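Written out below as structure tokens is the structure these notes cover.
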Amino acid sequence: MAPILLENKEYIKQHVQVKNPYLDAMEEDILYHFNLSTKTHNLPEMFGDVKFVCVGGSANRMKAFAHFIHQELKLPGNPEELRDICEGMDRYCMYKVGPVLSISHGMGVPSISIMLHELIKLLHHAQCNDVILFRLGTSGGVGLAPGTVVITDKAVDYSFRAQFEQVVLGKVITRSTELDEGVAKELLQCSSEFQNFPTVIGNTMCTHDFYEGQGRLDGALCSFSNEEKLEYLRKAYDAGVRNIEMESTVFAAMCRVCGLRGAVVCVALLNRFEGDQITSSHDVLVEYQQRPQVLVSHFIKKHLGLLA
């Protein structure tokens, strides 16, 4: 959701919303997995200036991104001295770098959804406004060369539907997974300034696991043939799917419900039409994983007026 432009060209700030009427009546809100609380921490003072939140699965990767964005923003101090705000907890890591938060979310929908609940509450309690969320990740490409960066148009489920199903009190609630079109287009425009890696916009399929759910032949269980796998991947490609991962639908759904602009930017580590196992060298994979970080940092610097 973009800021609302008035006739006098002033903006109405878009505060982070929560969709829970019970929160305001709580004397204290404990963000357990972040090791934070509304009673023990001054959240507006700590986080009120946050404008960009970048999340990714790996704690080491998000620590590295915190160091990288510190250097890119040319902030004072030694990035090696950045403190993990979630220190003492073993679920997630969190680093604040100027107006940027860098947070790990673990692997899969359940892990990222827990993090997102507490993150959105944190941004709400901190009275943040006009925040943009990014998921930076890795994925399996569908008809793409390894190293291609995919900006998600729509996050889709196993049937290629742009929806996320959440079971609440035994009932299925369906939520839309359309992401902010403006942010995606701006990211694609930023990517044109990088000639060393290809970038596309396409749908991202979110699955419940890495092996059977993604049609891999190399798991401990496999009940389908290679021909059936390729037929499913062809159907996915024809439906606009260009990569597969395990977090995008709940990320998109929660951003949409809470009025947050969000984007999913993942690099393809392999082309799933050509195999299931990731065979690139460690050094190549490290460079691939940096590509979404480079693109999003460029976007952030443009928004902060640090680039011409």
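Ligands are numbered from 1 in the order shown, residues from 1 within each chain, and chains are lettered A, B, ... in the order they appear in the structure tokens.
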
Residue contacts of region 227-243 of chain A (12 Å, only C-alpha atoms) excluding same-chain residues fewer than 6 positions away, as a PyMOL selection string
chain A and resi 137-162+199-207+211-218+264-276

Please extract the residues of region 55-288 of chain A with a backbone DSSP assignment of helix (DSSP H, G or I) and present them as a count of residues only.
78

Can you pull out the residues contacting region 115-119 of chain A? Cut-off 12 Å, using only C-alpha atoms, and skip same-chain residues under 6 positions away; I want them as JSON, numbers by chain.
{"A": [16, 17, 18, 19, 20, 29, 30, 31, 32, 33, 34, 35, 36, 37, 38, 43, 47, 50, 53, 54, 55, 56, 57, 86, 91, 92, 93, 94, 101, 102, 103, 104, 105, 106, 107, 108, 109, 125, 126, 128, 131, 133, 134, 135, 247, 248, 250, 251, 252, 253, 254, 255, 257, 258, 260]}

Within 8 Å of Pro99 (chain A), counting only C-alpha atoms, which residues show up once you throw out same-chain ones fewer than 2 positions away? Write them as a ChimeraX atom specification, please.
/A:49-52,96-97,101

Which residue, A:His41, A:Leu188, A:Ser58, A:Ile120, has the smallest gap to Ile85 (chain A) when you use only C-alpha atoms?
A:His41
